[in-house]
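So this block is input-v3.cif, mmCIF, C-alpha atoms:
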```
data_start
loop_
_atom_site.label_atom_id
_atom_site.label_comp_id
_atom_site.auth_asym_id
_atom_site.auth_seq_id
_atom_site.Cartn_x
_atom_site.Cartn_y
_atom_site.Cartn_z
CA MET A 160 -23.15 46.55 32.00
CA ASP A 161 -23.47 50.26 31.14
CA GLU A 162 -24.13 51.23 34.74
CA GLU A 163 -22.44 52.91 37.70
CA TYR A 164 -21.08 50.72 40.50
CA ASP A 165 -19.23 51.27 43.75
CA VAL A 166 -16.66 48.58 42.98
CA ILE A 167 -15.74 46.48 39.94
CA ILE A 168 -13.86 43.27 40.65
CA LEU A 169 -11.83 41.48 37.97
CA GLY A 170 -11.15 37.76 38.38
CA THR A 171 -12.85 35.17 40.57
CA GLY A 172 -9.88 33.95 42.57
CA LEU A 173 -10.43 33.40 46.28
CA THR A 174 -9.03 36.80 47.29
CA GLU A 175 -11.29 38.63 44.85
CA CYS A 176 -14.39 36.59 45.78
CA MET A 177 -13.83 37.11 49.50
CA LEU A 178 -13.66 40.87 48.98
CA SER A 179 -16.68 40.74 46.67
CA GLY A 180 -18.75 38.98 49.32
CA ILE A 181 -17.61 41.21 52.19
CA LEU A 182 -18.14 44.47 50.29
CA ALA A 183 -21.54 43.39 48.96
CA VAL A 184 -22.65 42.47 52.48
CA GLU A 185 -21.61 45.96 53.59
CA GLY A 186 -23.93 47.51 51.03
CA LYS A 187 -21.57 48.18 48.14
CA LYS A 188 -22.91 47.84 44.59
CA VAL A 189 -20.51 45.28 43.13
CA LEU A 190 -19.93 44.17 39.53
CA HIS A 191 -17.75 41.06 39.32
CA ILE A 192 -16.23 40.11 35.93
CA ASP A 193 -14.10 37.15 34.88
CA ARG A 194 -12.70 36.47 31.40
CA ASN A 195 -12.99 32.74 32.14
CA ASN A 196 -16.21 30.72 32.00
CA PHE A 197 -15.55 29.22 35.43
CA TYR A 198 -14.97 30.41 38.98
CA GLY A 199 -11.63 30.30 40.77
CA GLY A 200 -9.11 31.73 38.34
CA GLU A 201 -5.68 30.37 39.21
CA CYS A 202 -7.08 28.59 42.29
CA ALA A 203 -9.80 26.69 40.42
CA SER A 204 -10.48 22.97 40.76
CA VAL A 205 -10.48 21.17 37.40
CA ASN A 206 -11.65 17.80 36.14
CA LEU A 207 -9.35 15.33 34.39
CA THR A 208 -10.11 16.57 30.87
CA GLN A 209 -9.44 20.19 31.88
CA LEU A 210 -6.19 19.11 33.54
CA TYR A 211 -5.00 17.48 30.31
CA GLU A 212 -6.12 20.51 28.29
CA ARG A 213 -3.99 22.72 30.50
CA PHE A 214 -0.88 20.56 30.78
CA ARG A 215 -0.97 18.10 27.86
CA ASP A 216 -2.23 20.23 24.94
CA GLY A 217 -5.68 18.68 25.10
CA ALA A 218 -4.55 15.05 24.88
CA GLU A 219 -7.18 12.52 25.92
CA PRO A 220 -6.67 11.24 29.47
CA PRO A 221 -5.84 7.52 29.77
CA LYS A 222 -9.02 5.50 30.28
CA GLU A 223 -7.45 3.60 33.17
CA LEU A 224 -7.61 6.79 35.26
CA GLY A 225 -11.40 6.52 35.35
CA ARG A 226 -14.15 9.01 34.59
CA GLU A 227 -13.05 12.61 34.09
CA ARG A 228 -15.97 13.99 36.09
CA ASP A 229 -14.84 12.08 39.19
CA TYR A 230 -11.82 14.37 39.46
CA LEU A 231 -11.74 17.86 40.99
CA ILE A 232 -8.05 18.70 41.19
CA ASP A 233 -6.82 21.95 42.72
CA LEU A 234 -4.45 23.98 40.58
CA ILE A 235 -3.14 25.61 43.76
CA PRO A 236 -3.49 23.08 46.59
CA LYS A 237 -3.91 24.38 50.12
CA PHE A 238 -5.42 23.18 53.40
CA LEU A 239 -7.28 25.19 56.02
CA MET A 240 -6.33 25.27 59.68
CA THR A 241 -9.35 25.37 61.97
CA GLY A 242 -8.12 28.44 63.85
CA GLU A 243 -6.92 30.53 60.90
CA GLY A 244 -8.41 33.77 59.64
CA LEU A 245 -10.18 32.36 56.60
CA ILE A 246 -12.21 30.02 58.81
CA LYS A 247 -13.28 33.01 60.89
CA VAL A 248 -14.44 34.80 57.75
CA LEU A 249 -16.35 31.70 56.62
CA VAL A 250 -18.11 31.49 59.97
CA TYR A 251 -18.85 35.20 60.45
CA THR A 252 -20.18 35.67 56.92
CA ASN A 253 -22.08 32.37 57.18
CA VAL A 254 -20.47 31.22 53.92
CA VAL A 255 -19.72 28.00 55.80
CA ARG A 256 -23.34 26.98 55.17
CA TYR A 257 -22.48 26.43 51.50
CA LEU A 258 -19.55 24.10 52.25
CA GLU A 259 -18.85 20.67 53.69
CA PHE A 260 -15.44 19.97 55.18
CA SER A 261 -13.38 16.82 55.57
CA ALA A 262 -10.60 16.29 58.11
CA ILE A 263 -7.03 15.81 56.89
CA ALA A 264 -5.79 12.61 58.50
CA THR A 265 -2.25 13.60 59.44
CA SER A 266 0.34 16.37 59.37
CA MET A 267 3.98 15.33 59.15
CA VAL A 268 7.43 16.85 58.91
CA TYR A 269 10.61 15.60 57.23
CA ASN A 270 13.66 15.23 59.46
CA SER A 271 16.95 13.41 58.87
CA GLY A 272 15.59 11.39 55.97
CA LYS A 273 12.37 10.28 57.68
CA ILE A 274 8.88 11.69 58.18
CA TYR A 275 7.38 12.21 61.65
CA LYS A 276 3.95 13.23 62.85
CA VAL A 277 3.80 16.87 63.88
CA PRO A 278 2.70 16.99 67.54
CA SER A 279 -0.81 18.31 68.16
CA THR A 280 -0.16 20.10 71.47
CA PRO A 281 2.76 21.80 73.23
CA GLY A 282 2.75 18.85 75.62
CA GLU A 283 3.13 16.40 72.75
CA ALA A 284 5.82 18.63 71.28
CA THR A 285 8.01 18.25 74.35
CA MET A 286 7.69 14.46 74.05
CA SER A 287 8.34 14.30 70.32
CA PRO A 288 11.59 12.88 68.87
CA LEU A 289 11.70 16.11 66.85
CA VAL A 290 12.79 17.87 70.04
CA GLY A 291 16.04 16.64 71.57
CA VAL A 292 16.19 15.30 75.13
CA LEU A 293 18.17 18.26 76.42
CA GLN A 294 15.81 20.68 74.68
CA LYS A 295 12.52 19.39 76.08
CA LEU A 296 12.51 21.50 79.25
CA LYS A 297 13.60 24.57 77.32
CA ALA A 298 10.85 24.02 74.76
CA ARG A 299 8.32 23.57 77.57
CA SER A 300 9.42 26.91 79.06
CA PHE A 301 8.94 28.58 75.67
CA PHE A 302 5.41 27.18 75.27
CA GLU A 303 4.53 28.21 78.84
CA PHE A 304 5.72 31.73 78.00
CA LEU A 305 3.43 31.77 74.95
CA GLN A 306 0.45 30.83 77.12
CA LYS A 307 1.23 33.71 79.49
CA TRP A 308 1.84 36.13 76.62
CA GLN A 309 -1.46 35.17 75.01
CA THR A 310 -3.28 35.88 78.26
CA ASP A 311 -1.50 39.15 79.07
CA PRO A 312 0.65 40.52 76.21
CA ALA A 313 1.47 43.73 78.07
CA ALA A 314 2.98 41.90 81.04
CA HIS A 315 4.98 39.52 78.88
CA GLY A 316 5.80 41.81 75.98
CA LEU A 317 7.65 40.99 72.79
CA GLU A 318 8.14 44.61 71.77
CA GLY A 319 11.46 45.16 70.06
CA LYS A 320 12.33 41.45 69.98
CA THR A 321 12.98 39.40 66.87
CA MET A 322 12.21 35.69 66.79
CA ALA A 323 15.95 35.07 66.90
CA ASP A 324 16.03 37.02 70.20
CA VAL A 325 13.28 34.83 71.63
CA TYR A 326 14.97 31.61 70.56
CA SER A 327 18.20 32.82 72.16
CA GLU A 328 16.39 33.83 75.36
CA TYR A 329 15.10 30.25 75.77
CA SER A 330 18.32 28.60 74.49
CA LEU A 331 16.48 26.72 71.75
CA ASN A 332 18.82 24.98 69.30
CA GLU A 333 18.46 24.80 65.50
CA ASP A 334 16.42 21.57 65.55
CA THR A 335 13.88 23.01 68.00
CA GLN A 336 13.79 26.31 66.12
CA GLU A 337 13.11 24.42 62.89
CA PHE A 338 10.28 22.46 64.48
CA ILE A 339 8.64 25.58 65.94
CA GLY A 340 9.21 27.90 62.98
CA HIS A 341 8.46 25.54 60.11
CA ALA A 342 6.25 22.69 61.37
CA MET A 343 4.09 24.81 63.71
CA ALA A 344 4.37 28.44 62.54
CA LEU A 345 4.57 27.31 58.87
CA GLN A 346 7.22 29.87 57.95
CA LEU A 347 8.44 29.39 54.39
CA ASP A 348 12.10 30.28 54.96
CA GLU A 349 14.52 31.55 57.61
CA LYS A 350 13.89 35.27 57.04
CA TYR A 351 11.26 35.26 59.78
CA LYS A 352 13.96 35.00 62.47
CA LYS A 353 15.07 38.57 61.76
CA LYS A 354 11.52 39.92 61.90
CA ALA A 355 9.38 40.88 64.88
CA ALA A 356 8.62 37.84 67.05
CA ARG A 357 4.92 38.66 67.41
CA ASP A 358 3.88 37.16 64.05
CA THR A 359 5.60 33.81 64.59
CA CYS A 360 4.36 33.56 68.18
CA GLN A 361 0.80 34.23 67.02
CA ARG A 362 1.18 31.55 64.36
CA VAL A 363 2.36 29.00 66.94
CA ILE A 364 -0.60 29.86 69.16
CA MET A 365 -2.96 29.51 66.19
CA TYR A 366 -1.51 26.08 65.39
CA ALA A 367 -1.79 24.96 69.03
CA SER A 368 -5.39 26.16 69.36
CA SER A 369 -6.32 24.53 66.04
CA ALA A 370 -4.71 21.28 67.11
CA ALA A 371 -6.47 21.37 70.48
CA ARG A 372 -9.80 21.88 68.73
CA ALA A 373 -8.99 18.94 66.46
CA LEU A 374 -8.35 16.71 69.46
CA ASP A 375 -11.70 17.76 70.94
CA ASP A 376 -13.32 16.66 67.66
CA ASN A 377 -11.35 13.37 67.62
CA ARG A 378 -9.27 14.52 64.65
CA SER A 379 -5.57 13.77 64.45
CA SER A 380 -4.49 16.94 62.61
CA PRO A 381 -5.54 20.60 62.75
CA TYR A 382 -6.18 20.76 59.00
CA ILE A 383 -9.47 20.50 57.13
CA TYR A 384 -10.41 20.65 53.48
CA PRO A 385 -13.65 21.48 51.59
CA GLN A 386 -15.11 18.42 49.93
CA TYR A 387 -15.23 18.63 46.12
CA GLY A 388 -12.15 20.85 45.95
CA LEU A 389 -10.98 24.35 46.79
CA GLY A 390 -12.90 25.70 43.81
CA ASP A 391 -15.98 25.66 46.02
CA LEU A 392 -14.47 28.39 48.24
CA PRO A 393 -14.55 31.27 45.71
CA GLN A 394 -17.93 30.05 44.46
CA ALA A 395 -19.31 30.17 48.01
CA PHE A 396 -18.16 33.78 48.49
CA ALA A 397 -19.51 34.64 45.03
CA ARG A 398 -22.86 33.22 46.09
CA LEU A 399 -22.76 35.38 49.20
CA SER A 400 -22.13 38.46 47.04
CA ALA A 401 -25.02 37.50 44.75
CA VAL A 402 -27.35 37.13 47.74
CA TYR A 403 -26.55 40.77 48.55
CA ALA A 404 -27.26 41.88 44.95
CA GLY A 405 -23.74 41.58 43.56
CA THR A 406 -23.70 41.15 39.75
CA PHE A 407 -21.52 38.46 38.14
CA MET A 408 -20.42 38.23 34.50
CA LEU A 409 -18.35 35.17 33.56
CA ASP A 410 -16.84 34.57 30.11
CA THR A 411 -16.61 38.34 29.65
CA PRO A 412 -13.45 39.82 28.08
CA VAL A 413 -11.85 42.83 29.73
CA ASP A 414 -10.62 45.00 26.88
CA GLU A 415 -9.57 48.06 28.87
CA VAL A 416 -9.24 49.34 32.39
CA VAL A 417 -10.27 52.94 31.77
CA ARG A 418 -8.47 55.78 33.53
CA GLU A 419 -8.88 59.52 33.42
CA ASP A 420 -5.98 61.68 34.56
CA GLY A 421 -4.34 58.51 35.87
CA VAL A 422 -7.30 57.56 38.07
CA PHE A 423 -9.56 54.55 37.50
CA VAL A 424 -13.06 55.32 36.21
CA GLY A 425 -14.33 52.14 34.55
CA VAL A 426 -13.89 48.85 32.69
CA ARG A 427 -14.61 48.39 29.00
CA SER A 428 -15.74 45.10 27.44
CA GLY A 429 -16.41 45.44 23.72
CA ASP A 430 -18.55 48.52 23.17
CA LYS A 431 -19.86 48.62 26.73
CA THR A 432 -18.27 50.38 29.70
CA ALA A 433 -19.11 49.94 33.36
CA ARG A 434 -18.06 52.83 35.58
CA ALA A 435 -17.11 52.64 39.25
CA LYS A 436 -15.20 54.41 41.98
CA GLN A 437 -12.72 51.57 42.56
CA VAL A 438 -11.46 48.44 40.85
CA ILE A 439 -10.06 45.27 42.46
CA GLY A 440 -8.40 42.45 40.56
CA ASP A 441 -5.73 39.80 40.31
CA PRO A 442 -2.35 40.55 38.69
CA SER A 443 -3.33 39.03 35.31
CA TYR A 444 -5.60 42.05 34.66
CA PHE A 445 -2.98 44.65 35.64
CA ARG A 446 0.36 43.74 34.09
CA ASN A 447 1.59 47.35 34.22
CA ASP A 448 0.68 47.73 37.89
CA VAL A 449 2.62 44.77 39.32
CA ARG A 450 6.19 43.59 39.71
CA LYS A 451 7.53 40.06 39.64
CA THR A 452 8.90 38.85 42.98
CA GLY A 453 9.71 35.22 42.21
CA ARG A 454 8.39 31.94 40.82
CA VAL A 455 6.47 29.04 42.34
CA ILE A 456 6.95 25.42 41.29
CA ARG A 457 3.88 23.20 41.59
CA ALA A 458 3.52 19.52 40.70
CA ILE A 459 0.25 17.58 40.61
CA CYS A 460 0.75 13.82 40.87
CA ILE A 461 -1.85 11.09 40.44
CA LEU A 462 -1.04 8.02 42.55
CA ARG A 463 -2.57 4.59 43.01
CA GLU A 464 -1.45 4.28 46.62
CA PRO A 465 -1.31 6.71 49.55
CA ILE A 466 2.04 8.31 50.31
CA PRO A 467 4.24 5.60 51.88
CA LYS A 468 4.84 5.72 55.65
CA THR A 469 2.02 8.20 56.28
CA GLY A 470 -0.53 5.50 57.05
CA ALA A 471 -3.26 7.88 55.88
CA ASP A 472 -5.47 8.62 52.89
CA SER A 473 -4.83 12.36 53.29
CA ALA A 474 -1.78 14.14 54.61
CA GLN A 475 0.42 17.20 54.68
CA ILE A 476 4.19 16.84 54.78
CA ILE A 477 6.54 19.78 55.35
CA LEU A 478 10.15 19.47 54.23
CA PRO A 479 12.06 22.24 56.06
CA GLN A 480 14.65 23.97 53.94
CA ARG A 481 17.57 23.06 56.23
CA GLN A 482 16.77 19.36 55.89
CA ILE A 483 16.96 19.39 52.09
CA GLY A 484 19.69 21.97 51.47
CA ARG A 485 17.41 24.72 50.16
CA GLU A 486 16.45 28.28 51.09
CA HIS A 487 12.71 27.53 51.08
CA ASP A 488 10.56 24.71 52.42
CA ILE A 489 8.82 22.17 50.20
CA TYR A 490 5.15 21.41 50.90
CA VAL A 491 3.51 18.09 50.03
CA THR A 492 -0.23 17.44 50.24
CA CYS A 493 -2.22 14.31 49.51
CA LEU A 494 -5.98 13.85 49.04
CA SER A 495 -8.21 10.93 48.11
CA SER A 496 -11.78 9.90 47.37
CA GLN A 497 -12.58 10.68 51.02
CA GLN A 498 -12.41 14.36 50.03
CA LYS A 499 -14.48 13.73 46.85
CA ILE A 500 -11.71 14.93 44.51
CA CYS A 501 -10.83 11.67 42.72
CA PRO A 502 -12.24 8.15 42.25
CA ALA A 503 -11.68 5.40 44.79
CA GLY A 504 -8.34 3.69 44.28
CA PHE A 505 -6.55 6.89 43.30
CA TYR A 506 -4.81 9.67 45.24
CA VAL A 507 -3.81 13.19 44.22
CA ALA A 508 -0.55 14.47 45.70
CA SER A 509 0.73 18.00 45.14
CA ILE A 510 4.14 19.52 45.73
CA SER A 511 4.94 23.22 45.90
CA THR A 512 7.92 25.43 46.66
CA ILE A 513 9.64 28.65 45.64
CA ALA A 514 11.87 28.22 42.59
CA GLU A 515 15.50 28.93 43.41
CA THR A 516 17.17 28.17 40.07
CA SER A 517 16.37 28.44 36.36
CA GLY A 518 16.97 24.71 35.88
CA ASP A 519 14.70 21.67 35.78
CA PRO A 520 11.87 22.25 38.28
CA LYS A 521 11.65 18.51 38.97
CA GLU A 522 15.18 18.63 40.35
CA GLU A 523 14.16 21.35 42.80
CA ILE A 524 11.28 19.27 44.14
CA ALA A 525 13.11 15.92 43.95
CA ALA A 526 13.06 15.48 47.74
CA GLY A 527 9.27 15.76 47.72
CA LEU A 528 8.82 13.49 44.71
CA LYS A 529 10.94 10.84 46.40
CA LEU A 530 8.42 10.57 49.24
CA LEU A 531 5.48 9.80 46.96
CA GLY A 532 6.36 6.32 45.77
CA PRO A 533 5.23 5.24 42.26
CA ILE A 534 3.64 8.12 40.30
CA GLU A 535 0.97 7.31 37.70
CA GLN A 536 0.91 10.80 36.11
CA ILE A 537 2.71 14.05 36.90
CA PHE A 538 1.93 17.61 35.79
CA VAL A 539 4.53 20.28 36.58
CA SER A 540 4.15 24.04 36.28
CA VAL A 541 6.24 27.09 37.13
CA SER A 542 4.26 30.29 37.77
CA ASP A 543 5.48 33.85 38.22
CA VAL A 544 4.59 35.54 41.50
CA TYR A 545 3.50 39.19 41.43
CA GLU A 546 2.76 41.94 43.91
CA PRO A 547 1.29 45.42 43.29
CA VAL A 548 3.73 48.30 42.78
CA SER A 549 1.50 50.73 44.71
CA ASP A 550 -1.16 50.54 47.40
CA GLY A 551 -3.94 51.76 45.10
CA THR A 552 -5.03 54.70 47.23
CA GLN A 553 -3.97 57.28 44.61
CA ASP A 554 -5.45 55.72 41.44
CA ASN A 555 -8.18 53.54 43.05
CA VAL A 556 -6.68 50.39 41.47
CA PHE A 557 -6.27 47.64 44.07
CA VAL A 558 -4.37 44.56 42.93
CA SER A 559 -4.08 41.33 44.90
CA ARG A 560 -0.91 39.32 45.39
CA SER A 561 -0.25 36.06 43.58
CA TYR A 562 -0.79 32.88 45.60
CA ASP A 563 2.39 31.68 47.28
CA ALA A 564 3.87 28.20 47.72
CA THR A 565 2.56 27.61 51.24
CA SER A 566 0.01 24.87 51.85
CA HIS A 567 -2.28 27.06 53.99
CA PHE A 568 -4.43 30.18 53.51
CA GLU A 569 -3.09 32.55 56.15
CA THR A 570 -1.18 34.66 53.62
CA VAL A 571 -4.36 34.93 51.51
CA TYR A 572 -6.28 36.18 54.54
CA ASP A 573 -3.48 38.67 55.29
CA ASP A 574 -3.82 40.04 51.74
CA VAL A 575 -7.60 40.33 52.09
CA LYS A 576 -7.25 42.28 55.36
CA ASP A 577 -4.59 44.57 53.88
CA MET A 578 -6.60 45.26 50.72
CA TYR A 579 -9.81 45.85 52.67
CA ARG A 580 -8.03 48.44 54.83
CA ARG A 581 -6.71 50.26 51.75
CA ILE A 582 -10.02 50.07 49.89
CA THR A 583 -12.27 51.22 52.76
CA GLY A 584 -9.87 53.12 55.01
CA LYS A 585 -10.80 50.94 57.99
CA GLU A 586 -9.79 47.64 59.52
CA LEU A 587 -11.72 44.47 58.69
CA VAL A 588 -13.84 43.70 61.74
CA LEU A 589 -15.52 40.32 61.65
CA GLN A 590 -19.06 40.42 62.94
CA GLN A 591 -22.11 38.24 62.52
CA ARG A 592 -23.95 39.29 59.38
CA PRO A 593 -27.72 39.73 59.33
CA GLU A 594 -29.57 36.88 57.67
CA VAL A 595 -30.75 37.61 54.14
CA GLY A 596 -33.02 35.27 52.24
CA ASP A 597 -31.13 33.10 49.76
CA ALA A 598 -33.50 32.42 46.90
CA SER A 599 -31.11 29.84 45.46
CA ALA A 600 -30.66 27.92 48.67
#
```
Please go through the file and, once you have read it, give me the structure as structure tokens.
Amino acid sequence: MDEEYDVIILGTGLTECMLSGILAVEGKKVLHIDRNNFYGGECASVNLTQLYERFRDGAEPPKELGRERDYLIDLIPKFLMTGEGLIKVLVYTNVVRYLEFSAIATSMVYNSGKIYKVPSTPGEATMSPLVGVLQKLKARSFFEFLQKWQTDPAAHGLEGKTMADVYSEYSLNEDTQEFIGHAMALQLDEKYKKKAARDTCQRVIMYASSAARALDDNRSSPYIYPQYGLGDLPQAFARLSAVYAGTFMLDTPVDEVVREDGVFVGVRSGDKTARAKQVIGDPSYFRNDVRKTGRVIRAICILREPIPKTGADSAQIILPQRQIGREHDIYVTCLSSQQKICPAGFYVASISTIAETSGDPKEEIAAGLKLLGPIEQIFVSVSDVYEPVSDGTQDNVFVSRSYDATSHFETVYDDVKDMYRRITGKELVLQQRPEVGDASA
């Protein structure tokens, strides 16, 4: 450990492992440390015994739930969309070779007390009961505009327009806005309407292209999921880093982040110090360098039946905030033995949202819990959300953001791109990496 490195990375969450892999591939000498004896940090996948250790003070799991090793339950559940940025990174770094994906059977949205399938194409969207009869032609005009804008942004510019401006331009009512903004663009709340329209329009296009690709592959939703749990994602990027000579040290305490004249110079563990030019890490290693921005409620539920009225062994359900009288959406996911994360005959549903009160978290997610039917076991947590107080360019300390309540990875990819730009001074350009022999393959 008493060596000089280009970068030291603290924590093996997905954000940190993605950066570790990318920087190692680019020739950086990387030392990657985690205080835990497992990969994944807060986004690890745990077995049944580990779940009970975390939430039930080490109580023994009921025998009727089956073997503990048959469970790989995500602490922070998320799905991948086939057109999103993380998939592009997986493909361009060839990390995809370490993973096997399973299709998510359906994507649904809650509306007026019922759940409906989210349309897979703009054409389906204009035929969906989620879009009113008088709104169908207006919605079609909006989707046609997006196709033109995607082809020639300069000729069909959005400069200076908010999403509210675009909705007004096409006379889209609140129901249609909710469908586009929350079911397709996956916006967490209504704040996006006051922001530049480009981001939401790009998100809608990404959803449409992902859904079209799913139809080509005979899949009924644009979402996929790595078999054996999300914990395989950080491990796959860690393996990539190791292939390019990155050094990993698990179960290693971090006693001090060493600074000289306010600038990072190294990390001390016991009587050994590793020195480096830069340090990257999750907020748990840098409590004095982050600020709290909110709290996320997450519930993990073990079921014996799939979620009623989904007709599927895996699903995502979005509950838009307007439908449930909240400021933020609620996200529900469900997985089964088809994804190799639990034994046959069981299902693992997860619910997540931004906490809006200091009261009982179950009350805040009651609308989501109501959809699940009988619940065998439930594990509820409330986690603080942090962001860095500075961009790291002055002290060479680069801290990632906490994982949000969304059920997708686009915000994680955004954080990776932003951190990479600050760390290297250049934009992240995805390009095919040269093949390097993998001795462990």
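Residues captured in this structure file are Lys297, Ala298, Ser300, Phe301, Lys320, Thr321, Met322, Ser330, Leu331, Asn332, Gln336, Lys352, Lys353 and Ala356 of chain A, according to the PyMOL selection byres ((chain A and resi 323-329) around 8).
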Evaluate the PyMOL selection byres ((chain A and resi 270) around 8) and report residues as a list in words: Val268, Tyr269, Ser271, Gly272, Lys273, Ile274, Tyr275, Leu289, Leu478, Pro479 and Gln482 of chain A
Pull the closest atom pair for each residue of segment 414-474 of chain A that gets at most 6 Å from segment 163-178 of chain A, along with the distance in Å to one decimal, counting all atoms listed in the file, ordering rows by chain and then ascending residue number, as a tab-separated table.
```
residue	atom	partner	partner_atom	distance
A:Arg434	CA	A:Glu163	CA	4.9
A:Ala435	CA	A:Tyr164	CA	4.6
A:Lys436	CA	A:Asp165	CA	5.4
A:Gln437	CA	A:Val166	CA	5.0
A:Val438	CA	A:Ile167	CA	4.8
A:Ile439	CA	A:Ile168	CA	4.7
A:Gly440	CA	A:Leu169	CA	4.4
```
Would you output that residue set with C-alpha atoms, as a PDB file, keeping the file's coordinate frame?
```pdb
ATOM      1  CA  ARG A 434     -18.060  52.830  35.580  1.00  0.00           C
ATOM      2  CA  ALA A 435     -17.110  52.640  39.250  1.00  0.00           C
ATOM      3  CA  LYS A 436     -15.200  54.410  41.980  1.00  0.00           C
ATOM      4  CA  GLN A 437     -12.720  51.570  42.560  1.00  0.00           C
ATOM      5  CA  VAL A 438     -11.460  48.440  40.850  1.00  0.00           C
ATOM      6  CA  ILE A 439     -10.060  45.270  42.460  1.00  0.00           C
ATOM      7  CA  GLY A 440      -8.400  42.450  40.560  1.00  0.00           C
TER       8      GLY A 440
END
```
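Coordinates place atom CA of Val507 of chain A at a distance of 5.6 Å from atom CA of Cys493 of chain A.
Considering the residues A:Asn555, A:Pro502, A:Ala218, A:Glu546 and counting all atoms listed in the file, Asp574 of chain A has its shortest atom-to-atom contact with A:Glu546.
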Give me the residues near Asp391 of chain A as a ChimeraX atom specification, where near means some atom within 9 Å (using only C-alpha atoms) and where sequence neighbours in that chain fewer than 4 positions away do not count. /A:198-199,203-204,257-258,385-387,395-396
Would you mind completing segment 223-239 of chain A to N, CA and C atoms and writing the output as a compact mmCIF listing (two decimals), in the frame of the given file?
```
# COMPACT_ATOMS: atom_id res chain seq x y z
N GLU A 223 -7.66 4.30 31.90
CA GLU A 223 -7.45 3.60 33.17
C GLU A 223 -7.51 4.54 34.38
N LEU A 224 -7.49 5.85 34.15
CA LEU A 224 -7.61 6.79 35.26
C LEU A 224 -9.06 6.98 35.71
N GLY A 225 -10.01 6.43 34.95
CA GLY A 225 -11.40 6.52 35.35
C GLY A 225 -12.12 7.68 34.70
N ARG A 226 -13.31 7.97 35.19
CA ARG A 226 -14.15 9.01 34.59
C ARG A 226 -13.61 10.40 34.91
N GLU A 227 -13.60 11.25 33.91
CA GLU A 227 -13.05 12.61 34.09
C GLU A 227 -13.84 13.42 35.11
N ARG A 228 -15.16 13.19 35.18
CA ARG A 228 -15.97 13.99 36.09
C ARG A 228 -15.79 13.59 37.55
N ASP A 229 -15.10 12.49 37.81
CA ASP A 229 -14.84 12.08 39.19
C ASP A 229 -13.64 12.81 39.80
N TYR A 230 -12.98 13.63 38.99
CA TYR A 230 -11.82 14.37 39.46
C TYR A 230 -12.16 15.85 39.65
N LEU A 231 -11.70 16.42 40.75
CA LEU A 231 -11.74 17.86 40.99
C LEU A 231 -10.40 18.23 41.62
N ILE A 232 -9.44 18.54 40.77
CA ILE A 232 -8.05 18.70 41.19
C ILE A 232 -7.71 20.18 41.32
N ASP A 233 -7.18 20.55 42.46
CA ASP A 233 -6.82 21.95 42.72
C ASP A 233 -5.56 22.33 41.95
N LEU A 234 -5.64 23.46 41.25
CA LEU A 234 -4.45 23.98 40.58
C LEU A 234 -3.47 24.55 41.58
N ILE A 235 -3.99 25.10 42.69
CA ILE A 235 -3.14 25.61 43.76
C ILE A 235 -3.61 24.95 45.06
N PRO A 236 -3.01 23.84 45.43
CA PRO A 236 -3.49 23.08 46.59
C PRO A 236 -3.14 23.76 47.91
N LYS A 237 -4.11 23.85 48.78
CA LYS A 237 -3.91 24.38 50.12
C LYS A 237 -4.90 23.72 51.07
N PHE A 238 -4.53 23.65 52.35
CA PHE A 238 -5.42 23.18 53.40
C PHE A 238 -5.82 24.36 54.27
N LEU A 239 -6.87 24.18 55.05
CA LEU A 239 -7.28 25.19 56.02
C LEU A 239 -6.97 24.68 57.42
```
